[in-house]
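For reference, the structure discussed in these notes is given below.
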Amino acid sequence: MIVPLHALARALLRAALPEDLRDAVAGDLDDEMHERIRAGATPRAAMAWALRQALGSIPHALGLRLGRRTTAGHHASGGRTMGVSQDVRYALRTMRTHPLVTCAAIGTLALGIGATTAIFSVVHAALLRELPFHEPDRIVSVYESFRSTLSRMVANPSNFDYWERHAASFSRMAGMRRMRVTLTGAGEASRVRLQAVTPAFFDVLGVSPAAGRRLTEADGTEPAPPVLLSDDLWTTRFGGDPAITSRTVTLDGTARPIAGVMPEGFRFPDETDLWQGLSLSADERADARSWYLGVVARLAPDVSIAEAQAELDVLARQLQAAHPVRQKDRGAFVVGLHEDLVFRVEAGLEILQGAVVLVLLIAVVNIASLLLARLSTRGREFGIRAALGASRARIVRQLLTESLLLGFAGAAGGIVLAVWGVRALVALSPFQLPPGMEPAIDGPVLAFALAVGVVTSMLFGVAPALVASRAGSSAREESSFIHGPNRRMGRLRSALVVAEVALAVILVVGAGLLFRSFTRLMSQDVGFAGERVVTADVGLPGWQYDTTGKRAQFWAALFERLQAAPGVAAAAGSTALPFSMWEWQTAFRVVGREAEPAKGTSIRTIHPRYFETLGIPILHGRGLTDRDDARGEPVVVVNETFARTYLAGVDPLGMRVRFIREPDVPPARIVGVTGDTRHSRLTEPPGPEMYRPLAQDPPQNLILAVKTSQDVDGAMSLLRSAVREIDRDVTVDRLTTLEALVAGTVADRRFYLTLMGFFSLVALALALIGVYSVMAYVVGQRTREFGIRMALGAAPRQIRRRVIGSGTTLVVAGLALGTGGALLASHVLESLLFGVAPRDPATIAVSSMLLGLLGLAAVWAPARRAGRLDPAAALRRD
Amino acid sequence: MKRIYLGEFEQIVLLAVWRLGDDGYGVRIRQEIESRTGRPVTIGAVYATLERLAQKGCVRPVMGEPTATRGGRAKRYYTITRAGAAALEDTRRQLARMWKGLRREPL
């Protein structure tokens with residue numbers, strides 16, 4: 001903790017110092033720190049000393065700076081200077097004499113600034129900081145777009161070829177093809193991400209290998225294309241061997257020369273482990289029916305993204321004119337690379353920023369209210385100062401100086417909290433930010449925190465300063481400060497409390513909506529029982545398992561071993577487990593309805609015990625069995641939605657389907673109908689689905705599902721060793737549980753909910769403190785009045801009612817205002833909601849009621865105190 | 001010549017600068033005060049006072065050569081001016097006059 005704190009304090013001191021002294025002071029601190037280390041102090045102790053020095057120096061630095069600014073233009077008489085540094089010293093003394101108020105104000109502010117700064121650092125990292133490439137704002141991603149579905153996807157090689165040859169908006173354009181390969185011979189066999197890239201890739205990004213050479217066009221046509229390693233792979237698998245370019249790496253059983261190593265942290269695109277050259281053959285460049293090329297390009301000088309888009313639109317029209325059928329509805333879509341990489345996190349971040357600004361506002365209102373209350377106890381002080389000739393401006397300056405110091409202290413505290421906050425955010429965050437873009441507390445973020453400190457201090461300092469200055473001027477005439485302005489001040493404080501409650505209502509409603517939508521989502525019926533199911537991606541190396549026979553044999557051996565293992569209740573596998581992010585689609589025709597157009601469905605190749613393992617019910621007919629093998633009749637099972645959508649009004653059992661991609665294979669008979677399951681997201685309804693038996697189409701990759709009656713960790717290691725015992729070259733990836741897969745798809749919602757919940761709790765607490773302190777203050781002010789009332793015969797109950805009445809008015813006004821605000825503002829949450837309307841009356845009612853009840857509780861304590869007053873003692877009070 | 005008033009800490013800092021002669025920069029001045037008076041002093045307080053003294057014309061700041069041990073950052077040296085020395089002596093005389101005939105006794 002000491003290292004970041006030290007760096008932080010030093011940065012703050014630097015910012016506080018006048019420019020010409022910064023180097024001298026920083027140098028002095030370093031000098032003496034090293035001197036201390038040479039004299040035998042531990043580096044830690046020396047750093048702790050420098051930290052104390054820096055923190056202790058900040059007020060002096062500020063005083064010095066303020067002094068200089070105000071004397072600039074004056075001759076160096078020092079009169080005003082003394083005034084300002086006197087203000088600072090006086091302010092420090094005042095802060096010390098009211099430690100409770102000071103701590104409360106600084107603490108509140110630190111909380112607000114800390115939360116704001118932590119969120120800002122994420123925003124800064126994700127949205128504002130530059131990508132670690134050469135001139136990153138000139139790099140764009142290019143996609144194919146489809147007008148009919150308004151969707152975009154990776155490009156088709158023939159279109160890429162056309163753009164590459166004709167588009168003048170780009171100085172270079174590169175295609176990337178993503179592959180997964182099996183790495184063996186260097187540690188455990190594993191699936192790694194390989195990216196085949198055209199040579200322009202390096203020019204577009206302006207990145208070169210840290211060691212070795214770039215990939216060339218010719219590299220792509222080699223029988224064993226050379227590869228570049230990521231720094232990560234080089235260090236973890238090859239021990240950072242400096243002679244790496246003379247070695248080879250075995251991918252899918254082929255030894256590949258190593259061309260070099262990319263710079264540390266470079267994993268573009270996504271989390272790539274290896275890059276190889278891509279050279280598109282003439283056939284590939286003519287292929288208009290596949291889509292697999294990711295495209296990045298560098299804009300030509302002085303060309304904007306809009307101009308590039310306009311040119312691609314023209315090219316798209318030319319393509320449509322040349323190929324009216326296959327290019328129908330197709331276009332191109334250009335987007336800045338930065339925007340492309342972060343667009344997934346943007347919407348949620350904006351909402352979090354909004355929430356955190358509300359929290360900060362509530363903190364500011366709270367402090368303003370606190371300072372106003374303290375002002376009333378300082379009435380005499382200002383009255384005397386005014387009487388002695390202090391000008392209005394002088395008093396305002398004094399109060400603003402105090403606010404400014406509070407602001408700086410709050411910013412310092414906020415930065416410390418933000419350091420922790422950012423760590424928590426990174427730990428909680430479900431988003432993978434590109435390497436080099438992780439949030440951190442750096443220069444711009446520190447500057448932001450300081451700026452927030454200054455701005456907020458002006459916000460909460462202005463109201464008290466104005467009240468005091470007006471009072472100060474009238475004090476000279478009738479010395480009415482002590483009694484006169486209290487009513488005005490009281491009104492101002494009441495208004496602040498109303499505002500605070502209103503802001504809190506908005507946040508609580510927001511959190512409530514997210515909570516309701518989350519619980520709705522989690523209570524969705526997924527259609528299967530995922531408890532105690534362990535899953536893993538298992539991949540057969542294609543160069544060894546090159547026939548269906550070999551593959552079928554492996555899977556049979558694996559399932560036999562797994563079923564027999566202790567603690568395994570059921571074991572199965574599928575080419576696409578629900579929520580595994582794998583999804584296969586196929587087109588088919590129903591036999592006897594050949595005139596109808598081909599239809600699409602999800603398809604999974606499964607082990608026969610799949611339905612049993614996942615607890616998916618068979619509604620009609622039968623499930624799949626071990627007898628549905630290569631020798632048996634081809635069969636499939638479909639889900640309820642399939643039957644309802646495609647075979648409405650007929651008995652699906654016995655109907656036969658023919659796959660478009662496999663015209664030579666005899667059609668498969670539908671033997672059963674199962675219940676629906678969710679595919680990929682809880683927010684999406686189930687679609688038509690078809691299951692094929694494993695033995696009739698043995699796949700190369702399978703996602704295993706093993707239901708265990710024992711502990712999950714044991715089942716995971718069992719699964720891994722079962723695979724290893726059969727063949728060491730078979731890869732096991734993504735070992736996890738089915739429940740974790742489902743939870744993973746709502747991780748972003750959970751993240752937003754957690755943060756909104758946290759912010760609304762902070763807001764709630766601050767608002768309640770606000771209500772309580774104002775009511776306690778009112779009771780304190782009116783003690784005398786209540787004493788008189790009681791002496792004249794008012795019952796304690798009546799006094800209590802008076803206090804509760806005025807407190808309730810404030811709370812209710814805040815609730816009304818806040819509910820209105822929530823109705824106006826809640827639509828911004830729409831994209832994060834599921835099954836709940838943004839203006840859901842129940843959520844708004846419950847949130848307001850909760851706040852109302854807690855608000856009344858905050859009013860109750862001071863009211864009770866008022867009711868217990870001893871009239872005699874109350875009357876004697878000054 | 002205009003009379004210069006020196007506060008207590010200003011006197012201490014100015015005396016340290018005088019004592020140090022050519023070696024008067026932040027680290028040394030701070031250490032000189034700390035070791036002689038035994039009270040903890042922050043570098044910020046030292047600089048704030050030095051700059052105030054510079055404005056009053058009691059010290060003159062001079063930038064030194066950048067050195068490698070300080071990360072290439074130059075030292076800022078301060079030397080006492082004639083006016084500064086005069087102000088110190090003046091203050092001492094005033095104080096001496098005020099002290100004349102006083103002896104501290106337990107009250």
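We name chains A, B, ... following the order of the structure tokens; residues begin at 1 in each chain, and ligands are numbered from 1 as shown.
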Tell me, as an MDAnalysis selection string, which residues lie within 6 Å of Thr42 of chain B, counting only C-alpha atoms; anything in the same chain fewer than 2 positions away does not count.
-> (chainID A and resid 53 57) or (chainID B and resid 44:45)
Expected file: the selected residues, N, CA and C atoms, as a PDB file, in the first residue's frame:
```
ATOM      1  N   GLN A  53       6.423  13.461   4.551  1.00  0.00           N
ATOM      2  CA  GLN A  53       6.900  14.771   4.114  1.00  0.00           C
ATOM      3  C   GLN A  53       5.990  15.364   3.043  1.00  0.00           C
ATOM      4  N   SER A  57       3.569  18.589   3.332  1.00  0.00           N
ATOM      5  CA  SER A  57       3.973  19.756   2.548  1.00  0.00           C
ATOM      6  C   SER A  57       2.847  20.320   1.697  1.00  0.00           C
TER       7      SER A  57
ATOM      8  N   GLY B  44       7.900  21.172   2.457  1.00  0.00           N
ATOM      9  CA  GLY B  44       6.964  22.160   1.934  1.00  0.00           C
ATOM     10  C   GLY B  44       6.995  23.445   2.750  1.00  0.00           C
ATOM     11  N   ALA B  45       7.071  23.301   4.082  1.00  0.00           N
ATOM     12  CA  ALA B  45       7.116  24.477   4.948  1.00  0.00           C
ATOM     13  C   ALA B  45       8.379  25.271   4.669  1.00  0.00           C
TER      14      ALA B  45
END
```
Please identify all polymer residues within 7 Å of Tyr77 of chain B, counting only C-alpha atoms, omitting same-chain residues fewer than 2 positions from it, and present them as a PyMOL selection string.
-> chain B and resi 24-25+61-64+75+79
Dump as a PDB file, in the first residue's frame, selection limited to C-alpha atoms:
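And here's again.pdb as it stands now:
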```pdb
ATOM      1  CA  GLY B  24      21.994  26.013   1.061  1.00  0.00           C
ATOM      2  CA  TYR B  25      19.390  23.950  -0.783  1.00  0.00           C
ATOM      3  CA  PRO B  61      17.271  31.675  -5.329  1.00  0.00           C
ATOM      4  CA  VAL B  62      19.805  30.260  -7.815  1.00  0.00           C
ATOM      5  CA  MET B  63      19.266  27.141  -9.935  1.00  0.00           C
ATOM      6  CA  GLY B  64      22.078  24.597  -9.659  1.00  0.00           C
ATOM      7  CA  LYS B  75      18.782  21.838  -7.054  1.00  0.00           C
ATOM      8  CA  THR B  79      21.809  32.501  -0.492  1.00  0.00           C
TER       9      THR B  79
END
```
Contact check, chain A to chain B, at most 6 Å, counting only C-alpha atoms, closest pairs as CSV:
```
residue,atom,partner,partner_atom,distance
A:Asp23,CA,B:Arg73,CA,5.7
A:Ala24,CA,B:Lys75,CA,5.3
A:Gly27,CA,B:Arg70,CA,5.0
A:Asp28,CA,B:Val27,CA,5.5
A:Asp31,CA,B:Arg70,CA,5.9
A:Gln53,CA,B:Thr42,CA,5.3
A:Ser57,CA,B:Gly44,CA,3.9
A:His60,CA,B:Gly44,CA,5.5
A:Ala61,CA,B:Gly44,CA,5.9
A:Leu64,CA,B:Ala48,CA,5.5
```
Could you please take those selected residues and save C-alpha atoms as a short mmCIF file (atom, residue, chain, number, x, y, z; two decimals), in the first residue's frame?
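Result file again_28.cif:
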```cif
data_model
loop_
_atom_site.label_atom_id
_atom_site.label_comp_id
_atom_site.auth_asym_id
_atom_site.auth_seq_id
_atom_site.Cartn_x
_atom_site.Cartn_y
_atom_site.Cartn_z
CA ASP A 23 11.60 19.80 -9.72
CA ALA A 24 13.55 21.25 -6.82
CA GLY A 27 14.63 16.25 -6.27
CA ASP A 28 15.09 17.15 -2.62
CA ASP A 31 17.91 13.04 -2.46
CA GLN A 53 6.90 14.77 4.11
CA SER A 57 3.97 19.76 2.55
CA HIS A 60 2.21 24.76 2.49
CA ALA A 61 2.44 24.30 -1.24
CA LEU A 64 2.40 29.34 -1.44
#
```
Would you return as a count of residues only the members of segment 235-313 of chain A that DSSP assigns to strand (DSSP E or B) on this structure's backbone?
-> 23
Surrounding residues of Gly818 of chain A excluding itself and chain neighbours under 5 positions, 10 Å, only C-alpha atoms, as a PyMOL selection string | chain A and resi 498-509+812-813+823-824+844+848
Restricting the calculation to only C-alpha atoms, which member of A:Leu854, A:Ala569, A:Val334, A:Leu514 is positioned closest to Glu830 of chain A?
->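 The closest residue to Glu830 of chain A is A:Leu514.
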